[in-house]
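Some notes on the structure that comes next.
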Amino acid sequence: MSNNQPAKRRRLSDESVPRLREAELRKIQDLPVWEARKAVLEGICSNQVYVIVGETGSGKTTQIPKFLHQSRFGKSKIICTQPRRVAAIANATRVAKEMGCKLGGLVGYAVRFDDTSTHETKIRYVTDGLLLREAVADPLLQQYKVIIVDEAHERTLDTDALLGLLKRMQRLRKDEFHIVLMSATLDAGKYASFFPGAEIGLVQGRQHKVDVMYTKQAQESYLDAALTTVLQIHSKEAAGDILAFLTGQEEIDALCNLVKTRGAQTKGAHGQEKLQAVAIYAALPAEQQAQVFHPAPPGSRKVIFATNIAETALTIPGVRYVVDTGVVKQRSYQTGAGVDLLAVVPISKAQARQRSGRAGREAPGKTFRLYTEAEFEKLESSTTPEILRVNLAAAVLQLKALGISDIRAFDFVDQPPLPALVRALEHLHVLGALDTTGELSPCGQQMARLPVDPQYAKILLVAAASGCTEDAAAVVAMASVEQVFVNGRTEQQKQAATQAKQRFRRPQGDHLTALAVLRAFLATGKGKRGEWCVQNCISGRAMQRCHRIFQQLCTLLQAMKLPLERLGDTQDPEPLQRALVCGLFLHAACRQSDGTFKVIGTGQEVSIHPSSVLSGSKPECIVFNELVFTRRNYARTVCNIQMSWLIELVPTYFTKHIPR
Ligand code: CDP
Ligand code: MG
């Protein structure tokens, strides 16, 4: 490791990576990919593009980069992309353990705001988004001889953009390099035919029988059903851990807490008295993720509450029971609306099968689908790729920064719908990222350098011009962590949480409240911050992550020669509110006579989310970070604004959509 690594990271790496025991190392060689080792290496070496398809858990992600490192590619850098940061971190940690090295030694990971890799690192796990950003500085990714795109079947927007870029690279790069695509499902023919001359290799998996159970009736609440089913499995079924799929942090934390109280009263079957609940979701800090892989203590059974991260991206050993709620939280673009909506939606049949498969990796298992067989039959056969359903502005900005000026002519695996592309271009134009000819403006170039969505990049740049960059960085950092205020479990705790929130509440809304929280956190002495978080019902983990992101954003803004200024404590926060309008104008809404709000550009009806500090108050006009759907459309993270600012600050957009 180089000497300039922060001390904290070094400590984490040292602690989290003890080498595996001999017996465990031998078990690795039983993974199905080890049988196919020679064929895999030959396939990669003799084809420029090689597609490896294999059952989840067969060892593709953890073993294939190692095989390559031990082959003639040993001297070159191998990069392996993952659609999610959690997967990049967990897999790098695992491989470092297997190879007996520290993170940031031979093996490392790099995700947004957290890079452990050093000049020593030969096997690098990164998010696909991070590799896209690296390509801005190194468009042909010359430093890599082997580029592995893992979980290609997930078809995230970043994966698809990356695949298009790799195809372009295939034409332009003259040296020897190899592209490896890895996927868990069989529709690999699609990517194979996208790359000229690509070959497909199959890794034969081992899958035990999994009994699939459906409910007799549709369930009113999948959360109640999940809790009941988990407790039933614990009290009736033979040894083996449980994996339950939920949709997000809030649900997962809530059920973990419920199991802690209710699980203690449920007697386990077969001598497994205790039920231990663990969580895994995207916003979980790296340090906490490792917990999920630890075996349950003797005499207890583990239940893992996970998002779809555990569907294919992560394999957690020991699971024999799967509880499938049949839903997933998904971002999608509403036709015509131009804004992404985050909503809980039914999964696809392919996802349901992947989830079931997780029960049968080590022994026969059981899956409890919390929906009826008739409901299963109605599911879509596979999930629509993101590129066909989300706002494309972020991807288009990245591609423009990579020098691809005609996005419509860019070769994607699935061509995005033209109206969606046009809308993304319009959005970027209004943000000032593109000039009238559609080329990246100087402002757009700066936006592309900032590792946040274009609307947040815009907020930072506008804030920089009005003396509040540091405050905007705090607001953006706080928006990158899911939840800061902890919801109490008991009535008393809930009350304490409400009071704590009230202490930080700012009448301008959640952004300013978040800023007040971060400022108060930073004003507390380092050694006292943990205690401060507990006293204020604030998640210490979320604050640490937020603090790290804040520091990195500040460093980057400084490197971009933007002044790091902040508003005085007693100063009117209007400059910051105005900066928010400039970035979030698609999410501007006005109050209607019935108390709900109407999104100005699209006419959608929304309400202020109950978690907002503005919930219950009556602002005339707002902007918000996110639109979420639970029973109805909710605006989450809301800022109070003046309607006159809209036309003044974003005339190109609002003269078309005149606020009423
Ligand atoms: O990529 P694929 O789904 O084919 O398999 P993998 O992720 O390489 O996982 C291979 C094995 O490594 C699994 O059986 C897991 O038990 C183990 N593993 C682990 O214990 N901890 C991790 N963080 C990742 C994998
Ligand atoms: Mg994998």
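Naming works like this for the structure tokens: A, B, ... for the chains as they're shown, residue 1 at the start of each chain, ligands 1 onward in shown order.
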(request) Dump the neighbourhood of ligand 1 as an NGL selection string: all residues within 6 Å, distances computed on only C-alpha atoms and all ligand atoms. (result) :A and (55-63 or 90-91 or 94 or 314-317)
Let me see the file: selected residues, C-alpha atoms, as a PDB file, in the first residue's frame.
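Result went into selection10.pdb, see below:
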ATOM      1  CA  GLU A  55     -25.506 -20.241 -12.553  1.00  0.00           C
ATOM      2  CA  THR A  56     -25.272 -17.706  -9.750  1.00  0.00           C
ATOM      3  CA  GLY A  57     -22.845 -18.927  -7.100  1.00  0.00           C
ATOM      4  CA  SER A  58     -20.733 -20.971  -9.501  1.00  0.00           C
ATOM      5  CA  GLY A  59     -17.717 -18.771  -8.847  1.00  0.00           C
ATOM      6  CA  LYS A  60     -17.591 -16.497 -11.880  1.00  0.00           C
ATOM      7  CA  THR A  61     -17.105 -13.208 -10.078  1.00  0.00           C
ATOM      8  CA  THR A  62     -14.637 -14.309  -7.437  1.00  0.00           C
ATOM      9  CA  GLN A  63     -12.636 -16.903  -9.372  1.00  0.00           C
ATOM     10  CA  ALA A  90     -17.975  -7.435  -1.048  1.00  0.00           C
ATOM     11  CA  ASN A  91     -16.398  -9.313  -3.930  1.00  0.00           C
ATOM     12  CA  ARG A  94     -13.709 -11.806  -0.547  1.00  0.00           C
ATOM     13  CA  LEU A 314     -23.938 -11.558  -3.973  1.00  0.00           C
ATOM     14  CA  THR A 315     -23.945 -15.148  -2.822  1.00  0.00           C
ATOM     15  CA  ILE A 316     -24.304 -15.590   0.890  1.00  0.00           C
ATOM     16  CA  PRO A 317     -23.324 -19.070   2.034  1.00  0.00           C
TER      17      PRO A 317
END
(message) From a backbone DSSP assignment, name each residue in range 137-383 of chain A labelled strand (DSSP E), as a PyMOL selection string.
(response) chain A and resi 144-149+178-183+199-203+210-214+241-245+274-280+300-306+319-324+327-333+340-346+365-369
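The shortest atom-to-atom distance to ligand 2, with only C-alpha atoms and all ligand atoms taken into account, belongs to A:Asp150 out of A:Glu134, A:Asp453, A:Asp150, A:Glu482.
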(request) Using DSSP on the backbone, list every residue of range 409-452 of chain A that comes out as helix (DSSP H, G or I), and give them as a ChimeraX atom specification. (result) /A:409,418-430,442-449
Would you give me, as JSON lines, each residue of range 369-429 of chain A having an atom within 12 Å of an atom of range 169-187 of chain A, along with its shortest atom pair and that distance in Å to one decimal, using only C-alpha atoms and sorting by chain and residue number?
{"residue": "A:Ser381", "atom": "CA", "partner": "A:Asp187", "partner_atom": "CA", "distance": 11.8}
{"residue": "A:Ser382", "atom": "CA", "partner": "A:Asp187", "partner_atom": "CA", "distance": 10.1}
{"residue": "A:Thr383", "atom": "CA", "partner": "A:Thr185", "partner_atom": "CA", "distance": 11.9}
{"residue": "A:Leu402", "atom": "CA", "partner": "A:Met169", "partner_atom": "CA", "distance": 11.8}
{"residue": "A:Asp411", "atom": "CA", "partner": "A:Met169", "partner_atom": "CA", "distance": 11.8}
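Take the candidates A:Val581, A:Ile79, A:Ala277, A:Ala137 and check each one against Ser644 in chain A using only C-alpha atoms; the shortest distance goes to A:Val581.
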(message) So, with only C-alpha atoms and all ligand atoms as the atoms that count, which of A:His547, A:Lys260, A:Arg84, A:Arg566 lies closest to ligand 2?
(response) A:Arg84
(request) For each of A:Leu440, A:Val430, A:Leu557, A:Ala514, take the minimum atom-to-atom distance to Leu460 in chain A, counting only C-alpha atoms, then give the residue where this is smallest. (result)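 Smallest distance to Leu460 in chain A is found for A:Leu557.
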(message) So that I can check the surroundings of Tyr50 in chain A, please list as number ranges by chain every protein, DNA and RNA residue that reaches within 12 Å of it, counting only C-alpha atoms and ignoring chain neighbours fewer than 2 positions away.
(response) A: 39-48, 52-53, 146-150, 177-183, 188-189, 191-202
(message) Using only C-alpha atoms, which protein or nucleic acid residues come within 10 Å of Ala464 in chain A? Drop anything in the same chain fewer than 5 positions from it, and give the result as a list in words.
(response) Lys458, Ile459, Thr469, Glu470, Asp471, Ala472, Ala473, Leu557, Lys561, Leu562, Pro563, Leu564, Glu565, Arg566, Leu576 and Ala579 of chain A
Only N, CA and C atoms, please: the residues just picked out, written as a PDB file, in the first residue's frame.
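Listing of out-v2.pdb after writing:
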ATOM      1  N   LYS A 458     -25.282  20.543 -11.215  1.00  0.00           N
ATOM      2  CA  LYS A 458     -25.695  21.916 -11.513  1.00  0.00           C
ATOM      3  C   LYS A 458     -25.846  22.725 -10.221  1.00  0.00           C
ATOM      4  N   ILE A 459     -26.453  22.105  -9.216  1.00  0.00           N
ATOM      5  CA  ILE A 459     -26.629  22.795  -7.930  1.00  0.00           C
ATOM      6  C   ILE A 459     -25.263  23.237  -7.394  1.00  0.00           C
ATOM      7  N   THR A 469     -20.871  27.078  -2.046  1.00  0.00           N
ATOM      8  CA  THR A 469     -20.469  25.759  -2.564  1.00  0.00           C
ATOM      9  C   THR A 469     -20.431  24.716  -1.468  1.00  0.00           C
ATOM     10  N   GLU A 470     -19.851  25.085  -0.334  1.00  0.00           N
ATOM     11  CA  GLU A 470     -19.683  24.100   0.719  1.00  0.00           C
ATOM     12  C   GLU A 470     -21.042  23.619   1.233  1.00  0.00           C
ATOM     13  N   ASP A 471     -21.979  24.554   1.323  1.00  0.00           N
ATOM     14  CA  ASP A 471     -23.317  24.171   1.777  1.00  0.00           C
ATOM     15  C   ASP A 471     -23.985  23.251   0.766  1.00  0.00           C
ATOM     16  N   ALA A 472     -23.812  23.557  -0.512  1.00  0.00           N
ATOM     17  CA  ALA A 472     -24.407  22.709  -1.545  1.00  0.00           C
ATOM     18  C   ALA A 472     -23.778  21.316  -1.497  1.00  0.00           C
ATOM     19  N   ALA A 473     -22.456  21.266  -1.252  1.00  0.00           N
ATOM     20  CA  ALA A 473     -21.792  19.962  -1.163  1.00  0.00           C
ATOM     21  C   ALA A 473     -22.381  19.153  -0.009  1.00  0.00           C
ATOM     22  N   LEU A 557     -14.123  19.791  -5.648  1.00  0.00           N
ATOM     23  CA  LEU A 557     -14.513  21.147  -6.020  1.00  0.00           C
ATOM     24  C   LEU A 557     -13.311  22.086  -5.954  1.00  0.00           C
ATOM     25  N   LYS A 561     -10.941  24.253  -8.865  1.00  0.00           N
ATOM     26  CA  LYS A 561     -10.715  25.686  -8.650  1.00  0.00           C
ATOM     27  C   LYS A 561     -12.014  26.442  -8.366  1.00  0.00           C
ATOM     28  N   LEU A 562     -12.964  25.778  -7.747  1.00  0.00           N
ATOM     29  CA  LEU A 562     -14.189  26.467  -7.354  1.00  0.00           C
ATOM     30  C   LEU A 562     -14.036  26.903  -5.900  1.00  0.00           C
ATOM     31  N   PRO A 563     -14.504  28.106  -5.583  1.00  0.00           N
ATOM     32  CA  PRO A 563     -14.295  28.612  -4.221  1.00  0.00           C
ATOM     33  C   PRO A 563     -15.150  27.829  -3.224  1.00  0.00           C
ATOM     34  N   LEU A 564     -14.527  27.394  -2.137  1.00  0.00           N
ATOM     35  CA  LEU A 564     -15.283  26.639  -1.131  1.00  0.00           C
ATOM     36  C   LEU A 564     -15.821  27.571  -0.064  1.00  0.00           C
ATOM     37  N   GLU A 565     -16.923  28.196  -0.370  1.00  0.00           N
ATOM     38  CA  GLU A 565     -17.454  29.162   0.590  1.00  0.00           C
ATOM     39  C   GLU A 565     -18.724  28.626   1.233  1.00  0.00           C
ATOM     40  N   ARG A 566     -19.045  29.203   2.395  1.00  0.00           N
ATOM     41  CA  ARG A 566     -20.279  28.795   3.063  1.00  0.00           C
ATOM     42  C   ARG A 566     -21.046  30.001   3.572  1.00  0.00           C
ATOM     43  N   LEU A 576     -28.733  29.395  -1.583  1.00  0.00           N
ATOM     44  CA  LEU A 576     -28.735  27.938  -1.682  1.00  0.00           C
ATOM     45  C   LEU A 576     -30.072  27.440  -2.241  1.00  0.00           C
ATOM     46  N   ALA A 579     -30.013  27.914  -5.877  1.00  0.00           N
ATOM     47  CA  ALA A 579     -29.179  26.913  -6.553  1.00  0.00           C
ATOM     48  C   ALA A 579     -29.966  25.609  -6.706  1.00  0.00           C
TER      49      ALA A 579
END
(request) Find the residues around Cys537 in chain A up to 8 Å (only C-alpha atoms counted), leave out those fewer than 4 positions away in its own chain, and share them as a list in words. (result)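 My reading of the contact set: Phe485, Val486, Asn487, Gly488, Ala496, Ala497, Ala500 and Cys533 of chain A.
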(request) Mind checking which residues fall within 12 Å of Val95 in chain A, counting only C-alpha atoms, ignoring those fewer than 2 positions away in the same chain, and posting them as a VMD selection string? (result) chain A and resid 16 to 20 25 28 59 to 67 69 80 87 to 93 97 to 109 122 to 125
(message) With distances taken over only C-alpha atoms and all ligand atoms, which residue among A:Ile309, A:Leu567, A:Ala218, A:Leu646 lies nearest ligand 2?
(response)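 Checking each candidate against ligand 2, we get A:Ile309 as the closest.
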(request) Find the residues near Val413 in chain A: any atom within 9 Å, counting only C-alpha atoms, skip ones fewer than 5 places away on the same chain, and give them as a ChimeraX atom specification. (result) /A:160-161,163-164,190-191,194
Mind dumping the selected residues with C-alpha atoms as a CSV table (one decimal), in the first residue's frame?
chain,number,residue,atom,x,y,z
A,160,ASP,CA,-25.4,-0.7,-21.4
A,161,ALA,CA,-23.5,2.5,-21.9
A,163,LEU,CA,-21.1,-2.1,-23.6
A,164,GLY,CA,-21.6,0.5,-26.3
A,190,LYS,CA,-28.2,-10.8,-27.3
A,191,TYR,CA,-24.9,-9.4,-26.1
A,194,PHE,CA,-23.9,-7.3,-30.4
